[in-house]
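Content type TSV, C-alpha atoms and all ligand atoms, from the file work26.tsv:
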```tsv
chain	number	residue	atom	x	y	z
A	1	MET	CA	23.77	-10.52	-18.34
A	2	SER	CA	23.19	-10.79	-14.60
A	3	LEU	CA	22.53	-14.28	-13.33
A	4	SER	CA	21.34	-13.10	-9.95
A	5	LYS	CA	17.72	-13.82	-9.15
A	6	LYS	CA	15.38	-11.04	-8.16
A	7	THR	CA	12.15	-11.60	-6.33
A	8	ALA	CA	9.14	-9.37	-5.76
A	9	VAL	CA	6.76	-9.95	-2.87
A	10	VAL	CA	3.13	-8.95	-3.31
A	11	THR	CA	0.73	-9.07	-0.38
A	12	GLY	CA	-2.96	-9.31	-1.17
A	13	ALA	CA	-2.17	-10.93	-4.52
A	14	SER	CA	-5.28	-13.12	-4.66
A	15	SER	CA	-7.43	-10.40	-6.24
A	16	GLY	CA	-7.72	-6.82	-7.41
A	17	ILE	CA	-4.72	-4.51	-7.44
A	18	GLY	CA	-2.33	-7.10	-5.99
A	19	ALA	CA	-3.06	-9.64	-8.73
A	20	VAL	CA	-2.21	-7.04	-11.40
A	21	TYR	CA	1.02	-6.06	-9.60
A	22	ALA	CA	1.93	-9.75	-9.62
A	23	ASP	CA	1.35	-9.94	-13.37
A	24	ARG	CA	3.26	-6.75	-14.16
A	25	LEU	CA	6.24	-7.64	-11.97
A	26	ALA	CA	6.40	-11.15	-13.45
A	27	ALA	CA	6.39	-9.53	-16.90
A	28	ARG	CA	9.42	-7.52	-15.74
A	29	GLY	CA	11.22	-10.76	-14.95
A	30	TYR	CA	10.78	-10.91	-11.19
A	31	ASP	CA	10.24	-14.21	-9.45
A	32	LEU	CA	7.30	-13.79	-7.12
A	33	ILE	CA	6.21	-14.55	-3.60
A	34	LEU	CA	2.44	-14.12	-3.51
A	35	ILE	CA	0.67	-13.74	-0.19
A	36	ALA	CA	-3.02	-13.74	0.82
A	37	ARG	CA	-5.40	-15.97	2.75
A	38	ARG	CA	-7.11	-17.68	-0.23
A	39	ALA	CA	-4.60	-20.37	-1.20
A	40	ASP	CA	-6.70	-21.61	-4.15
A	41	ARG	CA	-6.71	-18.17	-5.77
A	42	LEU	CA	-2.96	-17.79	-5.25
A	43	THR	CA	-2.28	-21.20	-6.78
A	44	SER	CA	-4.30	-20.55	-9.92
A	45	LEU	CA	-2.72	-17.08	-10.36
A	46	ALA	CA	0.74	-18.59	-9.89
A	47	GLN	CA	0.04	-21.23	-12.55
A	48	LYS	CA	-1.22	-18.60	-14.98
A	49	LEU	CA	1.70	-16.20	-14.42
A	50	SER	CA	4.44	-18.82	-14.46
A	51	SER	CA	3.28	-20.14	-17.81
A	52	ALA	CA	2.80	-16.60	-19.21
A	53	HIS	CA	6.10	-15.17	-17.99
A	54	GLY	CA	8.32	-18.15	-17.16
A	55	VAL	CA	9.22	-16.92	-13.69
A	56	GLY	CA	9.41	-18.85	-10.41
A	57	ILE	CA	6.44	-18.30	-8.12
A	58	GLN	CA	5.99	-19.24	-4.49
A	59	THR	CA	2.63	-18.84	-2.80
A	60	LEU	CA	2.23	-18.29	0.89
A	61	ALA	CA	-1.24	-18.54	2.40
A	62	ALA	CA	-1.21	-16.40	5.53
A	63	ASP	CA	-3.64	-14.25	7.45
A	64	LEU	CA	-1.81	-10.94	7.83
A	65	GLY	CA	-4.43	-9.81	10.31
A	66	THR	CA	-2.92	-12.16	12.89
A	67	ASP	CA	0.36	-12.22	14.75
A	68	THR	CA	0.99	-15.80	13.63
A	69	GLY	CA	0.34	-15.01	9.98
A	70	ILE	CA	2.59	-11.96	10.00
A	71	ALA	CA	5.36	-13.86	11.80
A	72	GLN	CA	5.18	-16.63	9.17
A	73	VAL	CA	5.65	-14.10	6.35
A	74	GLU	CA	8.33	-12.12	8.24
A	75	ALA	CA	10.36	-15.30	8.60
A	76	ALA	CA	10.03	-16.12	4.89
A	77	LEU	CA	11.09	-12.62	3.82
A	78	ALA	CA	13.84	-11.94	6.34
A	79	GLY	CA	15.75	-15.06	5.30
A	80	ASN	CA	15.45	-14.52	1.54
A	81	PRO	CA	18.38	-12.64	-0.03
A	82	ASP	CA	16.66	-12.47	-3.44
A	83	VAL	CA	13.84	-10.14	-2.36
A	84	ARG	CA	14.19	-6.80	-4.16
A	85	ILE	CA	10.64	-5.42	-4.07
A	86	LEU	CA	7.95	-5.59	-1.41
A	87	VAL	CA	4.48	-4.44	-2.46
A	88	ASN	CA	2.52	-3.85	0.73
A	89	ASN	CA	-0.87	-4.04	-0.96
A	90	ALA	CA	-3.05	-6.23	1.28
A	91	GLY	CA	-5.59	-4.01	2.94
A	92	SER	CA	-9.13	-4.05	4.15
A	93	ALA	CA	-11.84	-1.42	4.24
A	94	ARG	CA	-14.91	-1.72	6.45
A	95	LEU	CA	-16.74	1.44	5.49
A	96	ARG	CA	-19.24	2.09	8.25
A	97	ALA	CA	-19.81	4.71	10.96
A	98	LEU	CA	-17.69	3.88	14.00
A	99	GLY	CA	-20.80	3.78	16.16
A	100	GLN	CA	-22.29	1.09	13.91
A	101	SER	CA	-19.09	-0.93	13.52
A	102	SER	CA	-17.96	-3.90	15.52
A	103	LEU	CA	-14.70	-3.58	17.43
A	104	GLU	CA	-13.46	-6.48	15.30
A	105	ASP	CA	-14.08	-4.49	12.10
A	106	SER	CA	-12.09	-1.53	13.42
A	107	LEU	CA	-9.20	-3.54	14.81
A	108	SER	CA	-8.88	-5.80	11.76
A	109	GLN	CA	-8.27	-2.74	9.57
A	110	VAL	CA	-5.60	-1.49	11.97
A	111	ALA	CA	-3.98	-4.93	12.12
A	112	LEU	CA	-3.77	-5.42	8.35
A	113	ASN	CA	-3.37	-1.87	7.03
A	114	ILE	CA	-0.94	-0.70	9.72
A	115	THR	CA	0.62	-3.52	11.74
A	116	ALA	CA	1.26	-5.98	8.92
A	117	LEU	CA	2.58	-3.27	6.57
A	118	THR	CA	4.96	-2.00	9.25
A	119	ARG	CA	6.22	-5.42	10.27
A	120	LEU	CA	6.79	-6.64	6.72
A	121	THR	CA	8.67	-3.45	5.86
A	122	ARG	CA	10.86	-4.00	8.92
A	123	ALA	CA	11.43	-7.60	7.83
A	124	VAL	CA	12.88	-6.70	4.41
A	125	LEU	CA	14.75	-3.54	5.40
A	126	PRO	CA	17.94	-5.07	6.86
A	127	GLY	CA	18.51	-7.10	3.67
A	128	PHE	CA	17.77	-4.10	1.44
A	129	LEU	CA	20.21	-1.96	3.42
A	130	ALA	CA	22.89	-4.65	3.45
A	131	ARG	CA	22.70	-4.85	-0.36
A	132	ASN	CA	21.93	-1.13	-0.73
A	133	ASP	CA	19.21	-2.15	-3.16
A	134	GLY	CA	15.48	-2.64	-2.87
A	135	ALA	CA	12.10	-0.99	-3.04
A	136	VAL	CA	9.01	-0.90	-0.86
A	137	ILE	CA	5.76	0.05	-2.57
A	138	ASN	CA	3.06	0.93	-0.06
A	139	ILE	CA	-0.54	1.09	-1.22
A	140	ALA	CA	-2.35	3.83	0.68
A	141	SER	CA	-5.50	5.54	-0.62
A	142	VAL	CA	-6.74	9.00	-1.46
A	143	LEU	CA	-8.62	8.62	1.82
A	144	ALA	CA	-5.23	9.09	3.51
A	145	VAL	CA	-5.90	12.82	3.16
A	146	HIS	CA	-9.70	12.77	3.25
A	147	SER	CA	-12.07	11.42	5.89
A	148	LEU	CA	-15.72	10.51	5.43
A	149	ALA	CA	-18.34	9.74	8.06
A	150	ILE	CA	-17.94	6.06	7.16
A	151	SER	CA	-14.15	6.03	6.89
A	152	SER	CA	-12.71	7.28	10.18
A	153	VAL	CA	-10.75	4.07	10.83
A	154	TYR	CA	-9.91	3.30	7.20
A	155	SER	CA	-8.79	6.90	6.50
A	156	GLY	CA	-6.78	6.81	9.72
A	157	THR	CA	-4.99	3.65	8.67
A	158	LYS	CA	-4.19	5.05	5.23
A	159	ALA	CA	-3.00	8.35	6.73
A	160	TYR	CA	-0.58	6.17	8.69
A	161	VAL	CA	0.64	4.53	5.47
A	162	LEU	CA	1.32	7.96	3.97
A	163	ALA	CA	3.07	9.35	7.06
A	164	PHE	CA	5.05	6.12	7.61
A	165	SER	CA	6.21	6.11	3.99
A	166	ARG	CA	7.18	9.80	4.07
A	167	GLY	CA	9.29	9.29	7.19
A	168	LEU	CA	10.93	6.19	5.79
A	169	GLN	CA	11.81	8.03	2.58
A	170	GLN	CA	13.75	10.56	4.66
A	171	GLU	CA	15.37	7.84	6.73
A	172	LEU	CA	16.58	6.12	3.55
A	173	ALA	CA	17.40	9.26	1.55
A	174	ASP	CA	21.13	8.53	1.49
A	175	THR	CA	20.69	4.94	0.35
A	176	ASN	CA	19.63	3.21	-2.84
A	177	VAL	CA	16.57	1.78	-1.07
A	178	LYS	CA	13.39	3.33	-2.46
A	179	VAL	CA	9.97	3.79	-0.91
A	180	GLN	CA	7.00	4.70	-3.07
A	181	VAL	CA	3.58	5.40	-1.62
A	182	VAL	CA	0.65	5.02	-4.02
A	183	LEU	CA	-2.70	6.70	-3.36
A	184	PRO	CA	-5.43	5.12	-5.50
A	185	ALA	CA	-8.91	6.60	-5.80
A	186	SER	CA	-11.84	4.24	-6.44
A	187	THR	CA	-10.63	1.19	-8.33
A	188	ALA	CA	-12.81	-1.65	-9.60
A	189	THR	CA	-11.99	-4.50	-7.23
A	190	GLU	CA	-13.73	-6.92	-4.91
A	191	ILE	CA	-13.28	-4.42	-2.09
A	192	TRP	CA	-16.45	-2.80	-3.43
A	193	THR	CA	-18.87	-5.49	-2.28
A	194	GLU	CA	-21.36	-5.67	0.59
A	195	ASP	CA	-19.32	-8.48	2.14
A	196	VAL	CA	-15.97	-6.68	2.08
A	197	SER	CA	-16.22	-2.90	2.46
A	198	GLY	CA	-20.00	-2.82	2.86
A	199	VAL	CA	-20.31	-0.58	-0.21
A	200	PRO	CA	-21.14	-2.14	-3.62
A	201	LEU	CA	-19.40	-0.96	-6.79
A	202	SER	CA	-22.81	0.15	-8.09
A	203	ALA	CA	-22.89	2.85	-5.38
A	204	LEU	CA	-19.90	4.65	-6.93
A	205	ARG	CA	-20.03	7.10	-9.82
A	206	PRO	CA	-18.86	4.94	-12.75
A	207	GLU	CA	-16.74	7.77	-14.18
A	208	SER	CA	-14.79	7.97	-10.89
A	209	VAL	CA	-13.71	4.32	-10.97
A	210	MET	CA	-10.40	3.21	-12.51
A	211	SER	CA	-9.61	-0.29	-13.74
A	212	THR	CA	-7.02	-2.27	-11.79
A	213	GLU	CA	-4.83	-2.50	-14.91
A	214	ASP	CA	-4.80	1.28	-15.44
A	215	LEU	CA	-4.15	1.84	-11.73
A	216	VAL	CA	-1.16	-0.48	-11.51
A	217	ASP	CA	0.32	0.61	-14.85
A	218	ALA	CA	0.10	4.27	-13.78
A	219	ALA	CA	1.59	3.47	-10.36
A	220	LEU	CA	4.48	1.58	-11.97
A	221	ALA	CA	5.03	4.45	-14.40
A	222	GLY	CA	5.39	6.69	-11.33
A	223	PHE	CA	7.75	4.13	-9.80
A	224	ASP	CA	9.88	4.10	-12.96
A	225	GLN	CA	10.01	7.91	-12.85
A	226	GLY	CA	11.39	7.68	-9.30
A	227	GLU	CA	8.32	9.24	-7.73
A	228	ALA	CA	8.07	9.11	-3.95
A	229	VAL	CA	4.33	9.80	-3.84
A	230	THR	CA	2.08	8.70	-6.68
A	231	TRP	CA	-1.49	9.87	-7.25
A	232	PRO	CA	-2.52	7.72	-10.23
A	233	SER	CA	-5.80	9.50	-10.98
A	234	VAL	CA	-4.73	13.12	-10.39
A	235	ALA	CA	-4.06	14.97	-13.66
A	236	ASP	CA	-2.69	18.15	-12.06
A	237	ALA	CA	0.48	17.05	-10.24
A	238	SER	CA	0.93	20.57	-8.82
A	239	LEU	CA	-2.04	19.93	-6.48
A	240	TRP	CA	0.07	17.53	-4.41
A	241	GLU	CA	3.09	19.85	-4.54
A	242	ARG	CA	1.00	22.73	-3.23
A	243	PHE	CA	-0.64	20.52	-0.59
A	244	ASP	CA	2.76	19.32	0.61
A	245	THR	CA	4.18	22.84	0.60
A	246	ALA	CA	1.22	24.04	2.70
A	247	ARG	CA	1.79	21.11	5.08
A	248	ALA	CA	5.47	22.04	5.49
A	249	SER	CA	4.52	25.68	6.11
A	250	LEU	CA	1.97	24.65	8.73
A	251	PHE	CA	4.58	22.49	10.44
A	252	ALA	CA	7.12	25.33	10.40
A	253	ALA	CA	4.48	27.63	11.90
A	254	THR	CA	4.08	25.29	14.88
A	255	GLN	CA	7.69	25.84	16.01
A	256	THR	CA	7.06	29.01	18.05
A	257	GLY	CA	7.11	27.79	21.63
A	258	THR	CA	4.32	30.20	22.50
A	259	PRO	CA	0.52	30.04	22.40
A	260	ALA	CA	-0.95	31.72	19.35
A	261	PRO	CA	-2.27	35.22	20.14
A	262	ARG	CA	-5.90	34.09	19.76
A	263	TYR	CA	-5.44	31.70	22.71
A	264	ARG	CA	-3.82	34.24	25.05
A	265	LYS	CA	-5.83	35.79	27.87
A	266	ALA	CA	-6.70	39.41	27.10
B	301	LIG	P1	-9.33	-6.62	-2.94
B	301	LIG	O1	-9.56	-7.06	-4.35
B	301	LIG	O2	-10.37	-6.92	-1.92
B	301	LIG	O3	-7.92	-7.18	-2.48
B	301	LIG	C1	-7.51	-7.20	-1.16
B	301	LIG	C2	-6.40	-8.21	-1.04
B	301	LIG	O4	-5.95	-8.23	0.32
B	301	LIG	C3	-6.86	-9.61	-1.39
B	301	LIG	O5	-5.86	-10.29	-2.09
B	301	LIG	C4	-7.07	-10.24	-0.04
B	301	LIG	O6	-6.83	-11.62	-0.14
B	301	LIG	C5	-5.98	-9.58	0.77
B	301	LIG	N1	-6.28	-9.63	2.19
B	301	LIG	C6	-7.38	-9.15	2.81
B	301	LIG	N2	-7.33	-9.44	4.11
B	301	LIG	C7	-6.18	-10.14	4.31
B	301	LIG	C8	-5.57	-10.73	5.43
B	301	LIG	N3	-6.14	-10.68	6.65
B	301	LIG	N4	-4.39	-11.38	5.28
B	301	LIG	C9	-3.81	-11.45	4.05
B	301	LIG	N5	-4.33	-10.89	2.95
B	301	LIG	C10	-5.50	-10.25	3.09
B	301	LIG	O7	-9.13	-5.06	-2.87
B	301	LIG	P2	-8.12	-4.05	-3.60
B	301	LIG	O8	-8.95	-2.88	-3.92
B	301	LIG	O9	-7.34	-4.71	-4.66
B	301	LIG	O10	-7.18	-3.64	-2.37
B	301	LIG	C11	-5.78	-3.60	-2.47
B	301	LIG	C12	-5.27	-2.37	-1.72
B	301	LIG	O11	-5.69	-1.20	-2.41
B	301	LIG	C13	-5.78	-2.22	-0.30
B	301	LIG	O12	-4.71	-1.80	0.55
B	301	LIG	C14	-6.81	-1.12	-0.40
B	301	LIG	O13	-6.97	-0.43	0.82
B	301	LIG	C15	-6.18	-0.26	-1.47
B	301	LIG	N6	-7.09	0.66	-2.15
B	301	LIG	C16	-8.12	0.20	-2.89
B	301	LIG	C17	-8.96	1.12	-3.51
B	301	LIG	C18	-10.13	0.65	-4.34
B	301	LIG	O14	-11.00	1.50	-4.67
B	301	LIG	N7	-10.21	-0.62	-4.71
B	301	LIG	C19	-8.75	2.49	-3.37
B	301	LIG	C20	-7.68	2.92	-2.59
B	301	LIG	C21	-6.86	2.01	-1.99
B	301	LIG	P3	-7.56	-12.78	0.73
B	301	LIG	O15	-8.99	-12.37	0.93
B	301	LIG	O16	-7.38	-13.99	-0.12
B	301	LIG	O17	-6.79	-12.85	2.01
```

Could you show the structure in this file as structure tokens?
Amino acid sequence: MSLSKKTAVVTGASSGIGAVYADRLAARGYDLILIARRADRLTSLAQKLSSAHGVGIQTLAADLGTDTGIAQVEAALAGNPDVRILVNNAGSARLRALGQSSLEDSLSQVALNITALTRLTRAVLPGFLARNDGAVINIASVLAVHSLAISSVYSGTKAYVLAFSRGLQQELADTNVKVQVVLPASTATEIWTEDVSGVPLSALRPESVMSTEDLVDAALAGFDQGEAVTWPSVADASLWERFDTARASLFAATQTGTPAPRYRKA
């Protein structure tokens, strides 16, 4: 039996998808570092999970939308040799037309969904590589490949999460460090409130909404299967394979060095 400790870090653990990741990873025997802004929520979740699963839990109240908050978490992760999994789950959605959005709404999504995710990944990577062991789970969204009139910034940030994760997978292909990107569709969380995304859960088609438990259990099943890209709600896995094949063909077709005939002067 190994006596070494293993720790999983979950950002955005105070509600929704992150809280279920925390529960499932504790059930798998991981000690936890739980991060979000609402310290009271983190404390009560930590109490519940430590008595249910008997693991050690540290909470870290930090605003990952700020440089100070990210730096605080970076320092905690970079110096911790027990970290084996980072779940970059904290994210915000402000679903509104750009022309009707405040600059703050746009930039806060970029700061949390892109900047914090990138910096925290960078913070754990040297330790993962030194031990040749570790996993980063990045929570994107189906809106990474689909834009709506109210999601230009949010879709853009999640497209970044997908592209960033795909590049990192290639960078780490010869190591034992894994990167999984998860693309949830609508999931029943507090994100679907007027105060958070601006869209209430009642505005969604009920049959299109997954529970947080189903979402995380499916995502972890994909993780256990060694999947690089996980679409929890998509029954036909060949859709992603065909999409990705078409993407690779399009990229290959760009490598001509000449304007396409339709753009040449007659
Ligand atoms: P949620 O219940 O609102 O959870 C969001 C989490 O992020 C909360 O724990 C929140 O905690 C934390 N957070 C927000 N702003 C933060 C900040 N500035 N600093 C630190 N933590 C912050 O929503 P969720 O649906 O579970 O979202 C989790 C992830 O899933 C997000 O990346 C989201 O984009 C993605 N996703 C959700 C859906 C869906 O339909 N629900 C679909 C696709 C993707 P505090 O407020 O306590 O800070």

Kindly give the distance, in Å, that separates CA of Leu32 (chain A) and CA of Leu129 (chain A), rounded to a single decimal. 20.4 Å

Contacts of Ala149 (chain A) at 10 Å or less, counting only C-alpha atoms, minus same-chain residues fewer than 2 places along, as number ranges by chain? A: 95-98, 147, 151-153

For the residues in the current selection, export C-alpha atoms as a PDB file, in the frame of the given file.
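To be explicit, this is the file written out as selection09.pdb:
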```pdb
ATOM      1  CA  LEU A  95     -16.740   1.440   5.490  1.00  0.00           C
ATOM      2  CA  ARG A  96     -19.240   2.090   8.250  1.00  0.00           C
ATOM      3  CA  ALA A  97     -19.810   4.710  10.960  1.00  0.00           C
ATOM      4  CA  LEU A  98     -17.690   3.880  14.000  1.00  0.00           C
ATOM      5  CA  SER A 147     -12.070  11.420   5.890  1.00  0.00           C
ATOM      6  CA  SER A 151     -14.150   6.030   6.890  1.00  0.00           C
ATOM      7  CA  SER A 152     -12.710   7.280  10.180  1.00  0.00           C
ATOM      8  CA  VAL A 153     -10.750   4.070  10.830  1.00  0.00           C
TER       9      VAL A 153
END
```

Phe128 (chain A) surroundings by all atoms listed in the file, 9 Å radius, close-in-sequence under 3 positions cut, as a PDB file with C-alpha atoms, in the coordinates of the input:
```pdb
ATOM      1  CA  PRO A  81      18.380 -12.640  -0.030  1.00  0.00           C
ATOM      2  CA  VAL A  83      13.840 -10.140  -2.360  1.00  0.00           C
ATOM      3  CA  ARG A  84      14.190  -6.800  -4.160  1.00  0.00           C
ATOM      4  CA  VAL A 124      12.880  -6.700   4.410  1.00  0.00           C
ATOM      5  CA  LEU A 125      14.750  -3.540   5.400  1.00  0.00           C
ATOM      6  CA  ARG A 131      22.700  -4.850  -0.360  1.00  0.00           C
ATOM      7  CA  ASN A 132      21.930  -1.130  -0.730  1.00  0.00           C
ATOM      8  CA  ASP A 133      19.210  -2.150  -3.160  1.00  0.00           C
ATOM      9  CA  GLY A 134      15.480  -2.640  -2.870  1.00  0.00           C
ATOM     10  CA  ALA A 135      12.100  -0.990  -3.040  1.00  0.00           C
ATOM     11  CA  ASN A 176      19.630   3.210  -2.840  1.00  0.00           C
ATOM     12  CA  VAL A 177      16.570   1.780  -1.070  1.00  0.00           C
TER      13      VAL A 177
END
```

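The interatomic distance for the pair CA of Ser208 (chain A) and CA of Ala90 (chain A) works out to 22.1 Å.
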
Got a sec to check which residues lie within 8 Å of ligand LIG 301 (chain B), using all atoms listed in the file, and send them as a PyMOL selection string? chain A and resi 11-19+35-39+41-42+61-66+69+88-93+108+112-113+139-143+154+158+183-192+196+209+212
